[in-house]
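Below is model.txt, holding compact mmCIF, N, CA and C atoms and all ligand atoms.
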```
# COMPACT_ATOMS: atom_id res chain seq x y z
N MET A 490 185.98 178.50 -84.00
CA MET A 490 185.69 179.82 -83.48
C MET A 490 184.43 179.79 -82.63
N TYR A 491 184.42 180.59 -81.61
CA TYR A 491 183.27 180.70 -80.72
C TYR A 491 182.07 181.26 -81.48
N ASP A 492 180.96 180.57 -81.40
CA ASP A 492 179.76 181.09 -82.05
C ASP A 492 178.56 180.92 -81.13
N LYS A 493 177.52 181.58 -81.48
CA LYS A 493 176.34 181.60 -80.64
C LYS A 493 175.14 181.72 -81.57
N TYR A 494 174.04 181.11 -81.18
CA TYR A 494 172.88 181.15 -82.07
C TYR A 494 171.66 181.72 -81.36
N CYS A 495 170.88 182.46 -82.12
CA CYS A 495 169.64 182.99 -81.58
C CYS A 495 168.66 181.84 -81.38
N LYS A 496 168.07 181.77 -80.20
CA LYS A 496 167.15 180.65 -79.90
C LYS A 496 165.87 180.75 -80.71
N THR A 497 165.53 181.95 -81.12
CA THR A 497 164.26 182.15 -81.82
C THR A 497 164.36 181.89 -83.32
N CYS A 498 165.34 182.52 -83.98
CA CYS A 498 165.39 182.38 -85.45
C CYS A 498 166.60 181.59 -85.93
N GLY A 499 167.51 181.24 -85.03
CA GLY A 499 168.64 180.41 -85.40
C GLY A 499 169.81 181.12 -86.04
N ARG A 500 169.74 182.43 -86.13
CA ARG A 500 170.84 183.19 -86.72
C ARG A 500 172.11 183.07 -85.88
N ALA A 501 173.25 182.93 -86.55
CA ALA A 501 174.53 182.80 -85.84
C ALA A 501 175.12 184.17 -85.56
N LEU A 502 175.83 184.25 -84.47
CA LEU A 502 176.50 185.49 -84.12
C LEU A 502 177.53 185.86 -85.19
N SER A 503 178.21 184.85 -85.73
CA SER A 503 179.22 185.11 -86.76
C SER A 503 178.57 185.75 -88.00
N GLU A 504 177.32 185.38 -88.23
CA GLU A 504 176.57 185.97 -89.34
C GLU A 504 176.35 187.47 -89.10
N PHE A 505 176.08 187.80 -87.86
CA PHE A 505 175.91 189.21 -87.53
C PHE A 505 177.22 189.97 -87.76
N TYR A 506 178.33 189.38 -87.34
CA TYR A 506 179.63 190.02 -87.53
C TYR A 506 179.90 190.30 -89.00
N ARG A 507 179.47 189.36 -89.83
CA ARG A 507 179.75 189.46 -91.26
C ARG A 507 178.84 190.50 -91.93
N THR A 508 177.56 190.48 -91.58
CA THR A 508 176.60 191.29 -92.32
C THR A 508 176.04 192.46 -91.54
N TYR A 509 176.25 192.44 -90.23
CA TYR A 509 175.68 193.47 -89.36
C TYR A 509 174.17 193.39 -89.33
N MET A 510 173.63 192.23 -89.70
CA MET A 510 172.19 192.11 -89.72
C MET A 510 171.71 191.12 -88.69
N LEU A 511 170.57 191.43 -88.13
CA LEU A 511 169.97 190.55 -87.15
C LEU A 511 168.72 189.93 -87.75
N GLY A 512 168.43 188.69 -87.34
CA GLY A 512 167.29 188.00 -87.92
C GLY A 512 165.95 188.36 -87.31
N CYS A 513 165.94 188.65 -86.03
CA CYS A 513 164.68 188.96 -85.35
C CYS A 513 164.98 189.78 -84.10
N PRO A 514 163.96 190.38 -83.52
CA PRO A 514 164.22 191.20 -82.33
C PRO A 514 164.90 190.43 -81.19
N ASP A 515 164.69 189.13 -81.10
CA ASP A 515 165.33 188.36 -80.03
C ASP A 515 166.84 188.25 -80.22
N CYS A 516 167.29 188.31 -81.49
CA CYS A 516 168.73 188.29 -81.76
C CYS A 516 169.41 189.38 -80.94
N TYR A 517 168.78 190.52 -80.97
CA TYR A 517 169.34 191.67 -80.28
C TYR A 517 169.56 191.36 -78.81
N GLU A 518 168.57 190.74 -78.20
CA GLU A 518 168.67 190.39 -76.79
C GLU A 518 169.72 189.32 -76.57
N ASN A 519 169.70 188.28 -77.42
CA ASN A 519 170.64 187.16 -77.27
C ASN A 519 172.09 187.58 -77.48
N PHE A 520 172.30 188.50 -78.39
CA PHE A 520 173.66 188.90 -78.76
C PHE A 520 174.08 190.23 -78.15
N TYR A 521 173.27 190.75 -77.28
CA TYR A 521 173.49 192.12 -76.81
C TYR A 521 174.94 192.42 -76.41
N THR A 522 175.50 191.58 -75.55
CA THR A 522 176.86 191.82 -75.06
C THR A 522 177.86 191.89 -76.20
N GLU A 523 177.74 190.94 -77.13
CA GLU A 523 178.67 190.88 -78.26
C GLU A 523 178.49 192.09 -79.18
N ILE A 524 177.24 192.47 -79.38
CA ILE A 524 176.95 193.61 -80.25
C ILE A 524 177.60 194.88 -79.70
N VAL A 525 177.41 195.10 -78.42
CA VAL A 525 177.98 196.29 -77.81
C VAL A 525 179.50 196.27 -77.89
N LYS A 526 180.08 195.11 -77.66
CA LYS A 526 181.54 194.97 -77.73
C LYS A 526 182.04 195.30 -79.14
N THR A 527 181.35 194.74 -80.14
CA THR A 527 181.70 194.97 -81.54
C THR A 527 181.64 196.45 -81.89
N LEU A 528 180.57 197.08 -81.43
CA LEU A 528 180.40 198.49 -81.76
C LEU A 528 181.48 199.35 -81.12
N LYS A 529 181.85 199.01 -79.91
CA LYS A 529 182.91 199.77 -79.25
C LYS A 529 184.21 199.65 -80.04
N LYS A 530 184.47 198.43 -80.50
CA LYS A 530 185.68 198.20 -81.30
C LYS A 530 185.62 199.01 -82.60
N SER A 531 184.47 198.95 -83.27
CA SER A 531 184.36 199.63 -84.56
C SER A 531 184.38 201.15 -84.39
N GLN A 532 183.96 201.62 -83.23
CA GLN A 532 184.03 203.05 -82.98
C GLN A 532 185.50 203.50 -82.94
N GLY A 533 186.33 202.67 -82.32
CA GLY A 533 187.77 202.96 -82.27
C GLY A 533 188.33 203.04 -83.67
N LYS A 534 187.88 202.09 -84.51
CA LYS A 534 188.35 202.03 -85.88
C LYS A 534 187.93 203.28 -86.65
N THR A 535 186.67 203.67 -86.44
CA THR A 535 186.14 204.85 -87.12
C THR A 535 186.98 206.09 -86.80
N CYS A 536 187.37 206.21 -85.55
CA CYS A 536 188.22 207.33 -85.12
C CYS A 536 189.51 207.33 -85.91
N HIS A 537 190.09 206.14 -86.01
CA HIS A 537 191.36 206.00 -86.68
C HIS A 537 191.24 206.42 -88.14
N VAL A 538 190.19 205.94 -88.79
CA VAL A 538 189.95 206.25 -90.20
C VAL A 538 189.73 207.75 -90.37
N GLY A 539 189.18 208.37 -89.33
CA GLY A 539 188.91 209.81 -89.38
C GLY A 539 190.15 210.67 -89.56
N LYS A 540 191.31 210.08 -89.28
CA LYS A 540 192.56 210.84 -89.43
C LYS A 540 193.12 210.76 -90.85
N MET A 541 192.27 210.46 -91.77
CA MET A 541 192.67 210.33 -93.18
C MET A 541 193.25 211.61 -93.75
N PRO A 542 194.09 211.48 -94.75
CA PRO A 542 194.59 212.67 -95.44
C PRO A 542 193.43 213.49 -95.97
N LYS A 543 193.66 214.76 -96.12
CA LYS A 543 192.54 215.62 -96.49
C LYS A 543 191.96 215.31 -97.87
N LEU A 544 190.64 215.34 -97.89
CA LEU A 544 189.92 215.10 -99.14
C LEU A 544 189.20 216.38 -99.49
N SER A 545 188.88 216.52 -100.75
CA SER A 545 188.15 217.73 -101.10
C SER A 545 187.00 217.41 -102.04
N GLY A 546 186.11 218.36 -102.19
CA GLY A 546 184.99 218.25 -103.12
C GLY A 546 184.12 217.04 -102.88
N VAL A 547 183.82 216.34 -103.96
CA VAL A 547 182.91 215.20 -103.89
C VAL A 547 183.48 214.10 -103.01
N ASP A 548 184.80 213.86 -103.10
CA ASP A 548 185.45 212.84 -102.28
C ASP A 548 185.15 213.06 -100.81
N ARG A 549 185.29 214.28 -100.42
CA ARG A 549 185.08 214.64 -99.02
C ARG A 549 183.61 214.43 -98.62
N GLU A 550 182.72 214.85 -99.49
CA GLU A 550 181.29 214.69 -99.22
C GLU A 550 180.92 213.21 -99.08
N LEU A 551 181.44 212.40 -99.99
CA LEU A 551 181.14 210.97 -99.96
C LEU A 551 181.67 210.34 -98.69
N TYR A 552 182.88 210.73 -98.32
CA TYR A 552 183.50 210.14 -97.15
C TYR A 552 182.79 210.56 -95.87
N THR A 553 182.39 211.81 -95.82
CA THR A 553 181.65 212.32 -94.66
C THR A 553 180.33 211.57 -94.50
N GLU A 554 179.68 211.37 -95.64
CA GLU A 554 178.41 210.65 -95.64
C GLU A 554 178.62 209.20 -95.18
N TYR A 555 179.69 208.60 -95.63
CA TYR A 555 180.03 207.23 -95.25
C TYR A 555 180.20 207.11 -93.73
N GLU A 556 180.95 208.03 -93.18
CA GLU A 556 181.16 208.01 -91.72
C GLU A 556 179.86 208.26 -90.97
N ARG A 557 179.04 209.14 -91.53
CA ARG A 557 177.77 209.45 -90.88
C ARG A 557 176.88 208.20 -90.85
N LEU A 558 176.87 207.47 -91.97
CA LEU A 558 176.05 206.26 -92.04
C LEU A 558 176.55 205.18 -91.09
N LEU A 559 177.88 205.07 -90.97
CA LEU A 559 178.44 204.09 -90.03
C LEU A 559 177.98 204.39 -88.62
N LYS A 560 178.07 205.65 -88.29
CA LYS A 560 177.67 206.13 -86.96
C LYS A 560 176.18 205.85 -86.73
N GLU A 561 175.40 206.14 -87.76
CA GLU A 561 173.96 205.95 -87.63
C GLU A 561 173.62 204.47 -87.48
N ARG A 562 174.39 203.62 -88.17
CA ARG A 562 174.14 202.19 -88.05
C ARG A 562 174.46 201.71 -86.64
N GLU A 563 175.53 202.26 -86.07
CA GLU A 563 175.86 201.91 -84.68
C GLU A 563 174.71 202.27 -83.76
N ASN A 564 174.19 203.46 -83.94
CA ASN A 564 173.07 203.90 -83.11
C ASN A 564 171.84 203.04 -83.31
N ALA A 565 171.57 202.71 -84.57
CA ALA A 565 170.41 201.87 -84.88
C ALA A 565 170.57 200.49 -84.25
N THR A 566 171.82 199.98 -84.27
CA THR A 566 172.07 198.66 -83.70
C THR A 566 171.89 198.69 -82.18
N LEU A 567 172.43 199.70 -81.57
CA LEU A 567 172.29 199.83 -80.12
C LEU A 567 170.83 200.00 -79.73
N GLY A 568 170.06 200.66 -80.60
CA GLY A 568 168.66 200.88 -80.32
C GLY A 568 167.77 199.74 -80.79
N GLY A 569 168.38 198.75 -81.47
CA GLY A 569 167.61 197.60 -81.93
C GLY A 569 166.62 197.91 -83.04
N ARG A 570 166.95 198.89 -83.89
CA ARG A 570 166.05 199.25 -84.99
C ARG A 570 166.42 198.45 -86.25
N PHE A 571 165.82 197.28 -86.36
CA PHE A 571 166.29 196.29 -87.32
C PHE A 571 166.13 196.65 -88.78
N SER A 572 164.97 197.17 -89.15
CA SER A 572 164.77 197.48 -90.56
C SER A 572 165.73 198.60 -90.98
N ARG A 573 166.01 199.50 -90.04
CA ARG A 573 166.93 200.61 -90.30
C ARG A 573 168.36 200.09 -90.50
N ILE A 574 168.75 199.13 -89.68
CA ILE A 574 170.10 198.55 -89.79
C ILE A 574 170.29 197.95 -91.17
N LYS A 575 169.29 197.24 -91.63
CA LYS A 575 169.36 196.57 -92.93
C LYS A 575 169.52 197.62 -94.04
N GLN A 576 168.68 198.65 -94.00
CA GLN A 576 168.73 199.72 -94.99
C GLN A 576 170.09 200.40 -94.97
N LEU A 577 170.57 200.73 -93.77
CA LEU A 577 171.85 201.42 -93.64
C LEU A 577 172.99 200.56 -94.17
N SER A 578 172.94 199.27 -93.88
CA SER A 578 174.00 198.37 -94.33
C SER A 578 174.10 198.37 -95.84
N GLU A 579 172.93 198.40 -96.49
CA GLU A 579 172.93 198.43 -97.95
C GLU A 579 173.52 199.74 -98.48
N ASP A 580 173.13 200.85 -97.85
CA ASP A 580 173.65 202.15 -98.25
C ASP A 580 175.16 202.23 -98.03
N ILE A 581 175.61 201.71 -96.89
CA ILE A 581 177.03 201.74 -96.55
C ILE A 581 177.83 200.93 -97.57
N GLU A 582 177.29 199.76 -97.91
CA GLU A 582 177.97 198.89 -98.86
C GLU A 582 178.13 199.59 -100.21
N GLU A 583 177.08 200.24 -100.64
CA GLU A 583 177.08 200.96 -101.90
C GLU A 583 178.13 202.08 -101.90
N LEU A 584 178.10 202.83 -100.81
CA LEU A 584 179.01 203.96 -100.68
C LEU A 584 180.46 203.48 -100.58
N ALA A 585 180.66 202.38 -99.89
CA ALA A 585 182.01 201.82 -99.74
C ALA A 585 182.57 201.43 -101.11
N GLN A 586 181.71 200.87 -101.96
CA GLN A 586 182.13 200.51 -103.32
C GLN A 586 182.62 201.74 -104.07
N GLU A 587 181.84 202.80 -103.96
CA GLU A 587 182.17 204.04 -104.64
C GLU A 587 183.48 204.61 -104.11
N LEU A 588 183.66 204.57 -102.78
CA LEU A 588 184.88 205.10 -102.17
C LEU A 588 186.09 204.27 -102.58
N LYS A 589 185.91 202.96 -102.70
CA LYS A 589 187.00 202.10 -103.13
C LYS A 589 187.37 202.41 -104.57
N ARG A 590 186.34 202.61 -105.38
CA ARG A 590 186.56 202.94 -106.78
C ARG A 590 187.39 204.22 -106.93
N ARG A 591 187.16 205.15 -105.99
CA ARG A 591 187.89 206.40 -106.03
C ARG A 591 189.24 206.33 -105.29
N GLY A 592 189.52 205.15 -104.74
CA GLY A 592 190.80 204.95 -104.04
C GLY A 592 190.87 205.60 -102.68
N ILE A 593 189.70 205.85 -102.09
CA ILE A 593 189.67 206.49 -100.78
C ILE A 593 189.69 205.46 -99.65
N LEU A 594 188.98 204.35 -99.86
CA LEU A 594 188.95 203.32 -98.83
C LEU A 594 190.02 202.26 -99.10
ZN ZN A 601 166.84 185.89 -83.83
```
Mind converting the file's structure to C-alpha cells?
Ligand SMILES: [Zn+2]
Amino acid sequence: MYDKYCKTCGRALSEFYRTYMLGCPDCYENFYTEIVKTLKKSQGKTCHVGKMPKLSGVDRELYTEYERLLKERENATLGGRFSRIKQLSEDIEELAQELKRRGIL
C-alpha cells in the first residue's frame, strides 16, 4: 500500500488514517493533500449515516453529539489544531463504544 512519512517526526500516513492523529505540526503540512481528501470522503459518509432511522431520547442525544464531534474533528484537522484532534478522537471513540453498545452504530 502507498504510504508516506513525515520528514520531521517519522509518522506514517497510514497511521494517521488509522488513528486520525498527527505526530507534529509538520505532519499536517506533509500530509495536507491526503488529509483533505480523507475528510471529504468521511464527510460523504457522515451524510449517509445521517439518514439513520429515527432515534429518540438519550439515543438521539448521544448520536447527535457523536456527529457533532466528528464534524468538529474534521474542522480541527483542517485547521491543524493537534491537541484538539487528539482530545476529540478520544471522546469520539468513547461515544462510539456507547453507541455500539446500544446497537446504534
Ligand atoms: Zn510529523
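Neighbouring residues of ligand ZN 601 (chain A) at a cut-off of 5 Å, counting all atoms listed in the file, are Cys495, Thr497, Cys498, Gly499, Gly512, Cys513, Asp515 and Cys516 of chain A.
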* Within 9 Å of Tyr494 of chain A, counting only C-alpha atoms, which residues qualify if same-chain residues fewer than 5 places away don't, as a list in words? -> Gly499, Arg500, Ala501, Leu502, Ser503, Cys516, Asn519 and Phe520 of chain A
* Could you please write out, as number ranges by chain, every residue of chain A that DSSP assigns to alpha helix (DSSP H)? => A: 502-508, 514-519, 521-538, 546-568, 571-590
* Between atom N of Leu567 of chain A and atom N of Glu550 of chain A, distance in Å (one decimal) -> 25.6 Å
* **12 Å contact set for Glu583 of chain A, only C-alpha atoms, chain neighbours under 6 positions out, as a PyMOL selection string** => chain A and resi 551+554-555+558+576-577+589-590
* Separation of atom CA of Glu523 of chain A from atom CA of Asp580 of chain A, in Å and rounded to one decimal -> 23.5 Å
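Take atom C of Tyr517 of chain A and atom CA of Thr566 of chain A: the distance between them is 9.1 Å.
Of the residues under consideration (A:Lys493, A:Leu528, A:Glu561, A:Leu588), A:Glu561 shows the shortest atom-to-atom contact distance to Lys575 of chain A when counting only C-alpha atoms.
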* Would you please work out which residue, of A:Arg570, A:Arg549, A:Lys526, A:Arg557, is nearest to Pro514 of chain A when using only C-alpha atoms? => A:Arg570
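In terms of minimum interatomic distance to Tyr552 of chain A, A:Leu594 ranks closest within A:Leu511, A:Leu594, A:Phe571, A:Ser578, counting only C-alpha atoms.
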